[in-house]
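Student: Questions regarding the structure given below will be posed in turn.
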Amino acid sequence: MPAERLRAFAPGRVNVIGEHTDYNDGLALPFAIADGVTVEATAAPAVDAAKALEAQALDLGERDCFPLHAPTPAEGWRGFVRGAAAELAAAGCPLSGGRLEIAGSVPRGAGLSSSAALEVALCLALIELGARAGRPRTDTALDKLALARLCSRVENEWTGANTGLLDQIASLFGAPETALCIDFRALSIEQVPLALGGWRFAVADSGDRHVHASSGYNDRRRECALACELLGIGSLRDARAEQLGALPEPLRRRAEHVLAENERVLAAVAALGAGDPARLGELLNASHASLRDLYEVSTPAVEAAVTRMLGAGAAGARLIGGGFGGSVLGLFAAGVPLPGDALEVRPGAGAHISTS
Ligand code: GLA
């Protein structure tokens with residue numbers, strides 16, 4: 001590998017439990033997975049007066065090129081690249097022209113957070129490219145939480161998906177053998193050892209693809225904001241169960257899911273601490289029922305995938321991510337074979353740069 005080439009890797013994530021809680025100042029328990037997005041970056045020759053950034057999506061065989069000083073919005077993966085450059089520049093991060101080659105091992109739209117993996121890998125690559133051109137790093141480059149927020153802005157402002165911080169934090173803070181208990185109000189992250197005593201997590205793709213910007217995801221956010229407005233509170237973290245009866249449907253159902261899901265995250269952390277994976281399985285099932293019946297983000301294909309998991313002997317199974325398609329997570333006792341379409345997932349390292 002030539003000296004000026006660098007590689008940034010950012011993982012996708014699996015969320016054990018705590019769905020649609022991040023933008024409600026709630027709790028979640030994700031872990032980073034081994035699959036993710038890799039961005040290889042090469043500095044542009046010094047003669048490159050336009051300081052252009054050229055990007056190639058290797059899996060799609062597509063290319064983009066834009067001037068660093070004035071990226072304009074674009075559709076699909078190009079919007080992420082341009083957004084990453086623009087948001088880093090707006091945060092005062094010095095950028096340098098170059099070429100980016102993007103390759104991913106997380107299927108897009110499968111609920112394993114391919115978008116956050118792309119944002120995080122792009123940002124790390126661009127920050128490092130600027131640093132290697134001799135430009136000083138900024139606080140955003142050093143502070144992982146600030147970087148998670150910046151990556152979330154890329155998704156919100158440049159791709160139209162009003163997603164929260166769950167995926168970016170999981171990708172940046174992930175660590176082997178560890179889940180992260182995130183409190184989105186305090187913005188605190190506690191490492192929780194994922195000691196399962198031989199039990200295994202596995203994911204299966206429902207086959208239904210989702211795009212947050214056009215699925216019901218943004219509608220759910222609006223419903224939660226409206227529920228808060230009606231209750232006169234800043235976020236659903238401040239809601240009490242006995243207040244929820246005052247809300248019209250479907251806002252009551254949405255809020256009920258969020259409150260109970262936060263409790264399930266705490267119960268899941270306790271079950272892990274007590275070495276009780278069977279209890280964790282029950283909590284996954286309860287989370288799924290709530291996402292299906294109260295939050296209404298499941299689809300027939302997702303239900304079929306959950307049924308396949310449970311039919312194969314999973315102690316618990318649920319949809320993960322935003323819903324409206326994507327993947328299903330199952331928890332299997334030691335010795336129970338995984339169904340043919342399921343892949344084992346384990347917590348892996350968080351996003352990082354590897355040097356040549
Ligand atoms: C998507 C979003 C996250 C989070 C989940 C639901 O993955 O990107 O911010 O809201 O859905 O928990």
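Chain identifiers are assigned as A, B, and so on, following the order in which chains appear in the structure tokens; residues are numbered from 1 within each chain, and ligands are numbered from 1 in order of appearance.
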Enumerate as a list in words the residues within 7 Å of ligand 1, counting only C-alpha atoms and all ligand atoms.

Tutor: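 Residues lying within 7 Å of ligand 1: Gly18, Glu19, His20, Thr21, Asp22, Tyr23, Gly111, Ser113, Thr163, Gly164, Leu165, Leu166, Asp167, Gly321 and Gly322 of chain A.
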
Student: Determine, counting only C-alpha atoms, which protein, DNA and RNA residues have an atom within 7 Å of an atom of Glu177 in chain A; residues of the same chain fewer than 6 positions away are not included. Present the result as an mmCIF file with C-alpha atoms, in the first residue's frame.

Tutor:
```
data_model
loop_
_atom_site.group_PDB
_atom_site.id
_atom_site.type_symbol
_atom_site.label_atom_id
_atom_site.label_comp_id
_atom_site.auth_asym_id
_atom_site.auth_seq_id
_atom_site.Cartn_x
_atom_site.Cartn_y
_atom_site.Cartn_z
ATOM 1 C CA PRO A 193 -19.936 -7.231 29.123
ATOM 2 C CA LEU A 194 -21.947 -9.426 26.780
ATOM 3 C CA PRO A 347 -19.631 -7.491 19.417
ATOM 4 C CA GLY A 348 -16.609 -6.201 17.499
#
```

Student: Do you know which residues are at most 7 Å from Gln168 in chain A counting only C-alpha atoms, after dropping those on the same chain fewer than 6 positions away, and could you put them as a ChimeraX atom specification?

Tutor: /A:116,120,148,151-152

Student: Do a neighbour search on range 68-85 of chain A at 7 Å with only C-alpha atoms, toss out local chain neighbours closer than 3 positions, and write the hits as an MDAnalysis selection string.

Tutor: chainID A and resid 51:53 64 88:89 97 119 122:123 154 158:159

Student: DSSP says strand (DSSP E or B) for which residues of range 146-280 of chain A? Put them as a list in words?

Tutor: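 Assigned to strand (DSSP E or B), within range 146-280 of chain A: Ala175, Thr178, Ala179, Leu180, Cys181, Ile182, Asp183, Ser188, Ile189, Glu190, Gln191, Val192, Pro193, Arg200, Phe201, Ala202, Val203, Ala204 and Asp205 of chain A.
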
Student: If you run DSSP over the backbone, which residues in range 62-306 of chain A end up alpha helix (DSSP H)? Put them as a ChimeraX atom specification.

Tutor: /A:76-90,114-132,139-142,144-158,166-173,217-231,251-273,277-293,300-306

Student: When distances are computed from only C-alpha atoms, which of A:Glu256, A:Gly207, A:Pro250, A:Ile169 shows the smallest separation from Cys181 in chain A?

Tutor: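 For Cys181 in chain A, the nearest of the given residues is A:Ile169.
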
Student: Quick one: residues within 8 Å of Leu343 in chain A, only C-alpha atoms counted, chain neighbours fewer than 2 positions away excluded, as an MDAnalysis selection string?

Tutor: chainID A and resid 202:204 338 341 345

Student: What does the structure give for the distance between CA of Arg254 in chain A and CA of Cys224 in chain A, in Å to one decimal?

Tutor: 6.9 Å

Student: Which distance in Å separates CA of Glu344 in chain A and CA of Gly330 in chain A, to one decimal?

Tutor: 9.2 Å

Student: For CA of Ala103 in chain A and CA of Leu124 in chain A, quote the distance in Å rounded to one decimal.

Tutor: 14.6 Å

Student: Could you name the residues that touch range 272-275 of chain A at 10 Å or less, counting only C-alpha atoms, but leaving out those on the same chain fewer than 4 positions away, as JSON, numbers by chain?

Tutor: {"A": [192, 193, 194, 195, 196, 197, 267, 268, 279, 280]}

Student: Write the selection just made, keeping N, CA, C and O atoms, as an mmCIF file, in the first residue's frame?

Tutor:
```
data_model
loop_
_atom_site.group_PDB
_atom_site.id
_atom_site.type_symbol
_atom_site.label_atom_id
_atom_site.label_comp_id
_atom_site.auth_asym_id
_atom_site.auth_seq_id
_atom_site.Cartn_x
_atom_site.Cartn_y
_atom_site.Cartn_z
ATOM 1 N N VAL A 192 -21.170 -2.782 28.870
ATOM 2 C CA VAL A 192 -21.797 -3.917 29.539
ATOM 3 C C VAL A 192 -21.229 -5.198 28.920
ATOM 4 O O VAL A 192 -21.446 -5.448 27.729
ATOM 5 N N PRO A 193 -20.490 -5.999 29.694
ATOM 6 C CA PRO A 193 -19.936 -7.231 29.123
ATOM 7 C C PRO A 193 -21.057 -8.132 28.604
ATOM 8 O O PRO A 193 -22.037 -8.367 29.305
ATOM 9 N N LEU A 194 -20.912 -8.577 27.360
ATOM 10 C CA LEU A 194 -21.947 -9.426 26.780
ATOM 11 C C LEU A 194 -21.571 -10.884 27.021
ATOM 12 O O LEU A 194 -21.186 -11.609 26.104
ATOM 13 N N ALA A 195 -21.676 -11.276 28.287
ATOM 14 C CA ALA A 195 -21.306 -12.645 28.672
ATOM 15 C C ALA A 195 -22.548 -13.511 28.566
ATOM 16 O O ALA A 195 -23.478 -13.397 29.365
ATOM 17 N N LEU A 196 -22.596 -14.382 27.562
ATOM 18 C CA LEU A 196 -23.819 -15.128 27.288
ATOM 19 C C LEU A 196 -23.699 -16.612 27.629
ATOM 20 O O LEU A 196 -24.632 -17.377 27.366
ATOM 21 N N GLY A 197 -22.544 -17.005 28.174
ATOM 22 C CA GLY A 197 -22.374 -18.399 28.580
ATOM 23 C C GLY A 197 -22.665 -19.393 27.458
ATOM 24 O O GLY A 197 -23.365 -20.383 27.671
ATOM 25 N N ALA A 267 -33.862 -3.812 32.385
ATOM 26 C CA ALA A 267 -34.058 -5.220 32.748
ATOM 27 C C ALA A 267 -33.066 -6.105 31.990
ATOM 28 O O ALA A 267 -32.577 -7.109 32.523
ATOM 29 N N ALA A 268 -32.743 -5.737 30.745
ATOM 30 C CA ALA A 268 -31.803 -6.532 29.953
ATOM 31 C C ALA A 268 -30.395 -6.431 30.542
ATOM 32 O O ALA A 268 -29.676 -7.439 30.631
ATOM 33 N N ARG A 279 -33.961 -14.887 30.426
ATOM 34 C CA ARG A 279 -34.738 -13.670 30.726
ATOM 35 C C ARG A 279 -34.550 -12.640 29.605
ATOM 36 O O ARG A 279 -35.497 -11.973 29.191
ATOM 37 N N LEU A 280 -33.327 -12.568 29.087
ATOM 38 C CA LEU A 280 -33.060 -11.642 27.979
ATOM 39 C C LEU A 280 -33.931 -12.022 26.777
ATOM 40 O O LEU A 280 -34.497 -11.142 26.112
#
```

Student: Extract, using only C-alpha atoms, all DNA, RNA and protein residues at most 10 Å from Ala241 in chain A, discarding same-chain residues fewer than 6 positions from it, and format them as a list in words.

Tutor: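 Result of the neighbour search: Arg252, Ala255, Glu256, Leu259 and Ala260 of chain A.
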